[in-house]
file query.cif (mmCIF, N, CA and C atoms)
data_model
loop_
_atom_site.label_atom_id
_atom_site.label_comp_id
_atom_site.auth_asym_id
_atom_site.auth_seq_id
_atom_site.Cartn_x
_atom_site.Cartn_y
_atom_site.Cartn_z
N MET A 25 137.31 71.52 76.73
CA MET A 25 135.97 71.35 77.27
C MET A 25 135.88 71.95 78.68
N MET A 26 136.88 71.73 79.49
CA MET A 26 136.88 72.24 80.86
C MET A 26 136.85 73.76 80.88
N ARG A 27 137.59 74.39 79.96
CA ARG A 27 137.63 75.85 79.90
C ARG A 27 136.25 76.41 79.58
N SER A 28 135.51 75.81 78.65
CA SER A 28 134.19 76.33 78.29
C SER A 28 133.20 76.14 79.43
N CYS A 29 133.29 75.05 80.19
CA CYS A 29 132.41 74.85 81.35
C CYS A 29 132.70 75.90 82.41
N SER A 30 133.97 76.20 82.62
CA SER A 30 134.33 77.22 83.60
C SER A 30 133.78 78.58 83.19
N ALA A 31 133.86 78.89 81.91
CA ALA A 31 133.35 80.17 81.42
C ALA A 31 131.85 80.28 81.63
N VAL A 32 131.14 79.19 81.39
CA VAL A 32 129.69 79.18 81.58
C VAL A 32 129.36 79.36 83.06
N LEU A 33 130.07 78.67 83.93
CA LEU A 33 129.82 78.80 85.36
C LEU A 33 130.10 80.21 85.86
N ILE A 34 131.15 80.82 85.37
CA ILE A 34 131.48 82.20 85.76
C ILE A 34 130.38 83.14 85.27
N ALA A 35 129.94 82.98 84.03
CA ALA A 35 128.89 83.83 83.48
C ALA A 35 127.59 83.69 84.27
N LEU A 36 127.25 82.46 84.64
CA LEU A 36 126.02 82.24 85.42
C LEU A 36 126.14 82.85 86.81
N SER A 37 127.31 82.74 87.44
CA SER A 37 127.46 83.31 88.78
C SER A 37 127.40 84.82 88.75
N LEU A 38 127.89 85.44 87.68
CA LEU A 38 127.80 86.89 87.56
C LEU A 38 126.37 87.35 87.29
N ALA A 39 125.61 86.54 86.58
CA ALA A 39 124.23 86.90 86.24
C ALA A 39 123.25 86.57 87.36
N ALA A 40 123.64 85.74 88.32
CA ALA A 40 122.73 85.31 89.39
C ALA A 40 122.07 86.46 90.13
N PRO A 41 122.82 87.52 90.53
CA PRO A 41 122.14 88.62 91.22
C PRO A 41 121.07 89.28 90.36
N LEU A 42 121.28 89.33 89.07
CA LEU A 42 120.30 89.94 88.17
C LEU A 42 119.05 89.08 88.06
N LEU A 43 119.23 87.77 88.15
CA LEU A 43 118.09 86.87 88.04
C LEU A 43 117.17 86.99 89.25
N HIS A 44 117.69 87.43 90.38
CA HIS A 44 116.90 87.50 91.60
C HIS A 44 116.44 88.92 91.92
N ALA A 45 116.67 89.85 91.02
CA ALA A 45 116.25 91.24 91.27
C ALA A 45 114.73 91.26 91.38
N VAL A 46 114.24 91.99 92.35
CA VAL A 46 112.80 92.07 92.60
C VAL A 46 112.36 93.51 92.36
N ASP A 47 111.23 93.65 91.67
CA ASP A 47 110.71 94.97 91.36
C ASP A 47 109.40 95.16 92.13
N PHE A 48 109.43 96.06 93.11
CA PHE A 48 108.23 96.37 93.88
C PHE A 48 107.69 97.72 93.45
N LYS A 49 106.38 97.82 93.39
CA LYS A 49 105.68 99.07 93.13
C LYS A 49 104.51 99.12 94.09
N SER A 50 103.66 100.11 93.93
CA SER A 50 102.46 100.16 94.75
C SER A 50 101.29 100.58 93.86
N VAL A 51 100.09 100.26 94.33
CA VAL A 51 98.89 100.69 93.62
C VAL A 51 98.86 102.21 93.71
N GLY A 52 98.52 102.87 92.60
CA GLY A 52 98.55 104.32 92.51
C GLY A 52 97.50 105.04 93.34
N ALA A 53 97.15 106.23 92.91
CA ALA A 53 96.24 107.11 93.66
C ALA A 53 94.82 106.56 93.77
N ALA A 54 94.44 105.72 92.81
CA ALA A 54 93.09 105.13 92.83
C ALA A 54 93.21 103.62 93.02
N PRO A 55 92.21 102.99 93.64
CA PRO A 55 92.24 101.53 93.75
C PRO A 55 92.33 100.89 92.36
N ALA A 56 92.93 99.70 92.28
CA ALA A 56 93.12 99.02 91.00
C ALA A 56 92.35 97.71 90.98
N ILE A 57 91.71 97.43 89.86
CA ILE A 57 91.04 96.15 89.68
C ILE A 57 92.09 95.14 89.24
N LEU A 58 92.13 94.00 89.92
CA LEU A 58 93.06 92.94 89.57
C LEU A 58 92.30 91.82 88.87
N TYR A 59 92.90 91.33 87.79
CA TYR A 59 92.25 90.35 86.92
C TYR A 59 93.01 89.03 86.92
N ASP A 60 92.34 87.98 86.40
CA ASP A 60 92.98 86.68 86.28
C ASP A 60 93.72 86.52 84.95
N ALA A 61 93.63 87.50 84.08
CA ALA A 61 94.30 87.47 82.78
C ALA A 61 94.65 88.91 82.39
N PRO A 62 95.60 89.10 81.47
CA PRO A 62 96.00 90.46 81.08
C PRO A 62 95.03 91.12 80.10
N SER A 63 93.80 91.33 80.57
CA SER A 63 92.76 91.94 79.74
C SER A 63 91.60 92.36 80.63
N THR A 64 90.94 93.45 80.24
CA THR A 64 89.74 93.86 80.99
C THR A 64 88.60 92.87 80.78
N ARG A 65 88.76 91.97 79.83
CA ARG A 65 87.77 90.92 79.61
C ARG A 65 87.99 89.73 80.54
N GLY A 66 89.13 89.72 81.23
CA GLY A 66 89.43 88.65 82.18
C GLY A 66 88.52 88.75 83.39
N GLY A 67 88.53 87.70 84.18
CA GLY A 67 87.72 87.69 85.39
C GLY A 67 88.30 88.65 86.44
N LYS A 68 87.43 89.42 87.06
CA LYS A 68 87.86 90.34 88.11
C LYS A 68 88.05 89.55 89.40
N LEU A 69 89.25 89.63 89.96
CA LEU A 69 89.55 88.89 91.18
C LEU A 69 89.24 89.71 92.42
N TYR A 70 89.75 90.94 92.48
CA TYR A 70 89.48 91.83 93.60
C TYR A 70 89.97 93.22 93.29
N VAL A 71 89.65 94.15 94.17
CA VAL A 71 90.09 95.53 94.02
C VAL A 71 91.20 95.77 95.05
N ALA A 72 92.35 96.17 94.55
CA ALA A 72 93.50 96.45 95.42
C ALA A 72 93.42 97.90 95.87
N PRO A 73 93.53 98.16 97.16
CA PRO A 73 93.44 99.54 97.65
C PRO A 73 94.66 100.37 97.25
N ARG A 74 94.47 101.67 97.17
CA ARG A 74 95.59 102.55 96.81
C ARG A 74 96.70 102.40 97.84
N GLY A 75 97.92 102.45 97.35
CA GLY A 75 99.08 102.33 98.22
C GLY A 75 99.53 100.91 98.49
N MET A 76 98.74 99.91 98.14
CA MET A 76 99.09 98.52 98.41
C MET A 76 100.38 98.16 97.68
N PRO A 77 101.39 97.64 98.41
CA PRO A 77 102.62 97.23 97.73
C PRO A 77 102.40 95.93 96.96
N VAL A 78 103.03 95.83 95.80
CA VAL A 78 102.95 94.63 94.98
C VAL A 78 104.32 94.35 94.37
N GLU A 79 104.58 93.10 94.11
CA GLU A 79 105.80 92.69 93.43
C GLU A 79 105.46 92.46 91.96
N VAL A 80 106.18 93.11 91.07
CA VAL A 80 105.97 92.92 89.64
C VAL A 80 106.72 91.66 89.23
N VAL A 81 105.97 90.67 88.76
CA VAL A 81 106.54 89.39 88.36
C VAL A 81 106.86 89.38 86.87
N LEU A 82 105.99 90.04 86.08
CA LEU A 82 106.12 89.99 84.62
C LEU A 82 105.42 91.20 84.02
N SER A 83 106.01 91.77 82.99
CA SER A 83 105.36 92.84 82.23
C SER A 83 104.99 92.29 80.86
N TYR A 84 103.78 92.62 80.42
CA TYR A 84 103.27 92.13 79.14
C TYR A 84 102.49 93.26 78.49
N GLY A 85 103.19 94.06 77.67
CA GLY A 85 102.55 95.22 77.05
C GLY A 85 102.14 96.23 78.11
N ASP A 86 100.85 96.58 78.11
CA ASP A 86 100.31 97.54 79.08
C ASP A 86 99.86 96.88 80.38
N TRP A 87 100.20 95.61 80.55
CA TRP A 87 99.77 94.85 81.72
C TRP A 87 100.96 94.34 82.51
N VAL A 88 100.75 94.13 83.81
CA VAL A 88 101.77 93.55 84.66
C VAL A 88 101.15 92.45 85.51
N LYS A 89 101.92 91.38 85.68
CA LYS A 89 101.50 90.30 86.57
C LYS A 89 102.10 90.60 87.93
N LEU A 90 101.28 90.56 88.96
CA LEU A 90 101.68 90.99 90.30
C LEU A 90 101.56 89.87 91.31
N ARG A 91 102.36 89.98 92.36
CA ARG A 91 102.25 89.10 93.52
C ARG A 91 102.01 90.00 94.73
N ASP A 92 101.04 89.62 95.57
CA ASP A 92 100.77 90.42 96.77
C ASP A 92 101.44 89.78 97.98
N MET A 93 101.23 90.37 99.14
CA MET A 93 101.87 89.91 100.37
C MET A 93 101.54 88.45 100.69
N ASN A 94 100.37 87.98 100.29
CA ASN A 94 99.96 86.61 100.56
C ASN A 94 100.47 85.62 99.53
N GLY A 95 101.15 86.13 98.48
CA GLY A 95 101.66 85.26 97.43
C GLY A 95 100.70 85.06 96.28
N ASP A 96 99.52 85.69 96.35
CA ASP A 96 98.53 85.55 95.28
C ASP A 96 98.99 86.31 94.04
N LEU A 97 98.74 85.74 92.87
CA LEU A 97 99.10 86.36 91.60
C LEU A 97 97.87 86.91 90.91
N ALA A 98 98.03 88.04 90.24
CA ALA A 98 96.93 88.67 89.50
C ALA A 98 97.53 89.61 88.47
N TRP A 99 96.70 90.06 87.55
CA TRP A 99 97.12 91.00 86.51
C TRP A 99 96.49 92.37 86.76
N ALA A 100 97.22 93.42 86.44
CA ALA A 100 96.70 94.79 86.54
C ALA A 100 97.25 95.60 85.38
N GLU A 101 96.53 96.67 85.03
CA GLU A 101 97.05 97.57 84.03
C GLU A 101 98.25 98.31 84.62
N ALA A 102 99.32 98.42 83.86
CA ALA A 102 100.55 99.07 84.34
C ALA A 102 100.29 100.50 84.79
N LYS A 103 99.37 101.19 84.13
CA LYS A 103 99.09 102.58 84.47
C LYS A 103 98.46 102.73 85.87
N ALA A 104 97.99 101.64 86.45
CA ALA A 104 97.38 101.68 87.78
C ALA A 104 98.43 101.66 88.90
N LEU A 105 99.70 101.48 88.53
CA LEU A 105 100.76 101.35 89.53
C LEU A 105 101.60 102.62 89.64
N SER A 106 102.21 102.76 90.79
CA SER A 106 103.08 103.89 91.07
C SER A 106 104.45 103.36 91.47
N PRO A 107 105.52 104.08 91.12
CA PRO A 107 106.85 103.64 91.55
C PRO A 107 107.10 103.90 93.03
N ARG A 108 106.20 104.60 93.68
CA ARG A 108 106.34 104.91 95.12
C ARG A 108 106.45 103.61 95.90
N ARG A 109 107.44 103.53 96.78
CA ARG A 109 107.70 102.30 97.52
C ARG A 109 106.95 102.30 98.84
N MET A 110 105.97 101.45 98.91
CA MET A 110 105.18 101.28 100.13
C MET A 110 105.49 99.90 100.70
N LEU A 111 105.38 99.79 102.01
CA LEU A 111 105.58 98.54 102.72
C LEU A 111 104.34 98.28 103.55
N VAL A 112 104.06 97.02 103.82
CA VAL A 112 102.92 96.68 104.66
C VAL A 112 103.45 95.88 105.85
N VAL A 113 102.92 96.20 107.03
CA VAL A 113 103.33 95.52 108.26
C VAL A 113 102.79 94.09 108.20
N ARG A 114 103.67 93.12 108.39
CA ARG A 114 103.23 91.73 108.35
C ARG A 114 103.22 91.06 109.72
N SER A 115 103.78 91.70 110.71
CA SER A 115 103.77 91.17 112.08
C SER A 115 102.54 91.71 112.82
N ALA A 116 102.18 91.07 113.92
CA ALA A 116 100.99 91.47 114.68
C ALA A 116 101.08 92.92 115.14
N SER A 117 102.21 93.33 115.64
CA SER A 117 102.41 94.69 116.10
C SER A 117 103.90 94.98 116.07
N ILE A 118 104.28 96.10 115.45
CA ILE A 118 105.70 96.46 115.37
C ILE A 118 105.93 97.83 115.97
N LYS A 119 107.17 98.12 116.27
CA LYS A 119 107.54 99.41 116.84
C LYS A 119 108.40 100.17 115.85
N LEU A 120 108.00 101.41 115.54
CA LEU A 120 108.86 102.31 114.78
C LEU A 120 109.75 102.98 115.80
N ARG A 121 111.03 102.95 115.55
CA ARG A 121 112.00 103.49 116.50
C ARG A 121 112.62 104.76 115.96
N ALA A 122 113.10 105.61 116.86
CA ALA A 122 113.70 106.89 116.49
C ALA A 122 115.01 106.71 115.73
N ALA A 123 115.70 105.61 115.97
CA ALA A 123 116.95 105.31 115.28
C ALA A 123 116.99 103.82 114.96
N ALA A 124 117.91 103.43 114.12
CA ALA A 124 118.04 102.04 113.71
C ALA A 124 118.74 101.23 114.80
N ASP A 125 118.04 101.10 115.93
CA ASP A 125 118.62 100.44 117.09
C ASP A 125 117.48 99.95 117.98
N GLU A 126 117.56 98.72 118.42
CA GLU A 126 116.53 98.11 119.26
C GLU A 126 116.34 98.88 120.58
N ALA A 127 117.38 99.55 121.04
CA ALA A 127 117.30 100.29 122.30
C ALA A 127 116.78 101.72 122.11
N SER A 128 116.57 102.13 120.88
CA SER A 128 116.12 103.49 120.58
C SER A 128 114.65 103.68 121.01
N ALA A 129 114.29 104.92 121.24
CA ALA A 129 112.92 105.25 121.67
C ALA A 129 111.89 104.84 120.62
N VAL A 130 110.73 104.39 121.09
CA VAL A 130 109.62 104.03 120.21
C VAL A 130 108.85 105.31 119.87
N VAL A 131 108.67 105.58 118.55
CA VAL A 131 107.93 106.77 118.13
C VAL A 131 106.49 106.44 117.75
N MET A 132 106.24 105.14 117.48
CA MET A 132 104.90 104.71 117.07
C MET A 132 104.85 103.19 117.05
N THR A 133 103.66 102.64 117.26
CA THR A 133 103.45 101.21 117.03
C THR A 133 102.49 101.07 115.86
N ALA A 134 102.63 99.99 115.11
CA ALA A 134 101.78 99.76 113.95
C ALA A 134 101.34 98.30 113.93
N ASP A 135 100.07 98.07 113.64
CA ASP A 135 99.51 96.72 113.59
C ASP A 135 99.64 96.12 112.19
N ARG A 136 99.41 94.84 112.11
CA ARG A 136 99.45 94.11 110.84
C ARG A 136 98.54 94.80 109.81
N GLY A 137 99.06 94.97 108.60
CA GLY A 137 98.27 95.57 107.52
C GLY A 137 98.46 97.06 107.34
N VAL A 138 99.11 97.73 108.29
CA VAL A 138 99.33 99.17 108.18
C VAL A 138 100.36 99.44 107.08
N LEU A 139 100.08 100.46 106.25
CA LEU A 139 101.00 100.85 105.18
C LEU A 139 102.01 101.87 105.67
N LEU A 140 103.26 101.70 105.24
CA LEU A 140 104.34 102.61 105.56
C LEU A 140 105.09 102.91 104.28
N GLU A 141 105.50 104.15 104.11
CA GLU A 141 106.28 104.52 102.92
C GLU A 141 107.76 104.32 103.21
N LEU A 142 108.47 103.71 102.28
CA LEU A 142 109.91 103.56 102.40
C LEU A 142 110.54 104.91 102.08
N VAL A 143 111.23 105.50 103.06
CA VAL A 143 111.77 106.84 102.91
C VAL A 143 113.09 106.84 102.14
N GLU A 144 113.95 105.89 102.45
CA GLU A 144 115.26 105.81 101.81
C GLU A 144 115.45 104.41 101.27
N PRO A 145 116.08 104.28 100.09
CA PRO A 145 116.39 102.94 99.59
C PRO A 145 117.23 102.19 100.62
N ALA A 146 116.89 100.95 100.82
CA ALA A 146 117.60 100.16 101.83
C ALA A 146 118.84 99.51 101.24
N PRO A 147 119.95 99.61 101.95
CA PRO A 147 121.14 98.87 101.51
C PRO A 147 120.82 97.38 101.54
N SER A 148 121.42 96.60 100.65
CA SER A 148 121.15 95.17 100.65
C SER A 148 121.55 94.57 102.00
N ALA A 149 120.78 93.62 102.44
CA ALA A 149 120.99 92.93 103.71
C ALA A 149 120.88 93.86 104.92
N SER A 150 120.19 94.97 104.77
CA SER A 150 120.01 95.89 105.88
C SER A 150 118.96 95.35 106.84
N LEU A 151 119.23 95.43 108.11
CA LEU A 151 118.28 94.97 109.12
C LEU A 151 117.19 96.01 109.38
N TRP A 152 117.51 97.31 109.23
CA TRP A 152 116.59 98.39 109.53
C TRP A 152 116.23 99.19 108.29
N LEU A 153 114.98 99.64 108.23
CA LEU A 153 114.49 100.46 107.12
C LEU A 153 113.92 101.77 107.67
N LYS A 154 114.20 102.86 106.98
CA LYS A 154 113.61 104.14 107.39
C LYS A 154 112.28 104.28 106.66
N VAL A 155 111.20 104.49 107.44
CA VAL A 155 109.85 104.55 106.90
C VAL A 155 109.10 105.76 107.44
N ARG A 156 107.95 106.04 106.79
CA ARG A 156 107.09 107.14 107.25
C ARG A 156 105.64 106.66 107.16
N HIS A 157 104.88 106.94 108.20
CA HIS A 157 103.46 106.65 108.23
C HIS A 157 102.72 107.80 107.54
N LYS A 158 101.49 107.57 107.08
CA LYS A 158 100.73 108.61 106.40
C LYS A 158 100.48 109.83 107.27
N ASP A 159 100.56 109.66 108.59
CA ASP A 159 100.39 110.79 109.52
C ASP A 159 101.65 111.64 109.63
N GLY A 160 102.72 111.25 108.93
CA GLY A 160 103.96 112.01 108.94
C GLY A 160 104.98 111.52 109.94
N ILE A 161 104.63 110.55 110.75
CA ILE A 161 105.57 110.02 111.74
C ILE A 161 106.60 109.16 111.01
N ALA A 162 107.87 109.46 111.23
CA ALA A 162 108.96 108.71 110.59
C ALA A 162 109.75 107.97 111.64
N GLY A 163 110.31 106.86 111.23
CA GLY A 163 111.13 106.07 112.14
C GLY A 163 111.74 104.90 111.41
N PHE A 164 112.29 103.98 112.18
CA PHE A 164 112.96 102.81 111.63
C PHE A 164 112.23 101.55 112.07
N VAL A 165 112.11 100.59 111.15
CA VAL A 165 111.50 99.30 111.45
C VAL A 165 112.46 98.21 110.99
N LYS A 166 112.29 97.03 111.57
CA LYS A 166 113.08 95.88 111.13
C LYS A 166 112.54 95.41 109.79
N ALA A 167 113.43 95.10 108.87
CA ALA A 167 113.04 94.64 107.54
C ALA A 167 112.21 93.36 107.61
N THR A 168 112.42 92.54 108.60
CA THR A 168 111.67 91.29 108.74
C THR A 168 110.23 91.50 109.16
N ASP A 169 109.89 92.69 109.63
CA ASP A 169 108.53 92.97 110.10
C ASP A 169 107.60 93.53 109.03
N VAL A 170 108.14 93.80 107.84
CA VAL A 170 107.34 94.41 106.77
C VAL A 170 107.51 93.62 105.48
N TRP A 171 106.54 93.79 104.56
CA TRP A 171 106.63 93.15 103.24
C TRP A 171 106.64 94.25 102.19
N GLY A 172 107.43 94.03 101.15
CA GLY A 172 107.49 94.98 100.05
C GLY A 172 108.91 95.44 99.77
N ILE A 173 109.85 94.77 100.34
CA ILE A 173 111.25 95.15 100.16
C ILE A 173 112.05 93.98 99.63
#
call {"tool": "encode", "arguments": {"input": "query.cif", "output": "structure tokens"}}
result
Amino acid sequence: MMRSCSAVLIALSLAAPLLHAVDFKSVGAAPAILYDAPSTRGGKLYVAPRGMPVEVVLSYGDWVKLRDMNGDLAWAEAKALSPRRMLVVRSASIKLRAAADEASAVVMTADRGVLLELVEPAPSASLWLKVRHKDGIAGFVKATDVWGI
């Protein structure tokens, strides 16, 4: 009995990272209508602007259940999403730096709600992320200052 419990615990510990994997996407080239159910017959909740980052919670056929920065859940057609990784500034004002260092020169400041594109996949537990603003300005931000990662 003890051996089988140990095997189960080992299997669960190995699967734990997979259970917490998060899938982020962004709203595609056109704004997306978000619904309260996985159907165009569902109630329309709001229109998500293009580029808005969302967390995919569940896929159901041609529909996906999404979570936004505020934690609100809604449904959207999968075709309305893009794999492009966008982040949204969640702090009042952040500084994009020339290098991944607090002492590095500031290349731009961004207010809450500004969208930034994730330029490089971030290593797990990374404090800094390389991003680019729509104006082409690139720099590094603290992962704690943005949502979508």
call {"tool": "closest_residue", "arguments": {"input": "query.cif", "among": "A:Asp60, A:Glu79, A:Asp135, A:Asp169", "to": "Pro107 of chain A", "atoms": "only C-alpha atoms"}}
result
A:Glu79
call {"tool": "atom_distance", "arguments": {"input": "query.cif", "atom1": "atom CA of Ala134 of chain A", "atom2": "atom CA of Asp92 of chain A"}}
result
19.6 Å
call {"tool": "closest_residue", "arguments": {"input": "query.cif", "among": "A:Lys166, A:Arg74, A:Arg136, A:His157", "to": "Arg121 of chain A", "atoms": "all atoms listed in the file"}}
result
A:Lys166
call {"tool": "residues_near_point", "arguments": {"input": "query.cif", "point": "(99.8, 95.3, 85.9)", "cutoff": "7 Å", "atoms": "only N, CA and C atoms", "output": "list in words"}}
result
Asp86, Trp87, Val88, Lys89, Leu90, Ala98, Trp99, Ala100, Glu101, Ala102, Lys103, Ala104 and Leu105 of chain A
call {"tool": "select_by_dssp", "arguments": {"input": "query.cif", "residues": "segment 28-170 of chain A", "states": "strand (DSSP E)", "output": "PyMOL selection string"}}
result
chain A and resi 47-51+56-59+68-72+77-84+87-91+97-101+105-106+110-113+117-121+130-135+139-142+152-156+162-166+170
call {"tool": "closest_residue", "arguments": {"input": "query.cif", "among": "A:Ser150, A:Lys49, A:Leu142, A:Gly137", "to": "Ser115 of chain A", "atoms": "only N, CA and C atoms"}}
result
A:Gly137
call {"tool": "resolve_selection", "arguments": {"input": "query.cif", "expression": "the PyMOL selection byres ((chain A and resi 156) around 6.5)", "output": "number ranges by chain"}}
result
A: 139-143, 154-155, 157-163
call {"tool": "atom_distance", "arguments": {"input": "query.cif", "atom1": "atom CA of Ser148 of chain A", "atom2": "atom CA of Gly52 of chain A"}}
result
25.7 Å
call {"tool": "select_by_dssp", "arguments": {"input": "query.cif", "residues": "chain A", "states": "alpha helix (DSSP H)", "output": "VMD selection string"}}
result
chain A and resid 26 to 43
call {"tool": "atom_distance", "arguments": {"input": "query.cif", "atom1": "atom N of Asp125 of chain A", "atom2": "atom CA of Asn94 of chain A"}}
result
27.8 Å
call {"tool": "residues_around", "arguments": {"input": "query.cif", "residues": "Met132 of chain A", "least_positions_apart": "6", "cutoff": "7 Å", "atoms": "all atoms listed in the file", "output": "PyMOL selection string"}}
result
chain A and resi 118-122
call {"tool": "residues_near_point", "arguments": {"input": "query.cif", "point": "(95.7, 95.9, 93.6)", "cutoff": "7 Å", "atoms": "only C-alpha atoms", "output": "number ranges by chain"}}
result
A: 51, 55-58, 71-73, 76
call {"tool": "closest_residue", "arguments": {"input": "query.cif", "among": "A:Leu153, A:Pro62, A:Ile173, A:Phe48", "to": "Val112 of chain A", "atoms": "only N, CA and C atoms"}}
result
A:Ile173
call {"tool": "axis_aligned_box", "arguments": {"input": "query.cif", "around": "segment 129-137 of chain A", "padding_each_side": "8 Å", "output": "AutoDock Vina command-line options"}}
result
--center_x 106.3 --center_y 100.4 --center_z 114.5 --size_x 32.0 --size_y 28.7 --size_z 30.3
call {"tool": "closest_residue", "arguments": {"input": "query.cif", "among": "A:Leu69, A:Ala123, A:Leu97, A:Leu82", "to": "Asp47 of chain A", "atoms": "only C-alpha atoms"}}
result
A:Leu82
call {"tool": "closest_residue", "arguments": {"input": "query.cif", "among": "A:Gly95, A:Pro77, A:Pro145, A:Gly85", "to": "Gly172 of chain A", "atoms": "only C-alpha atoms"}}
result
A:Pro77
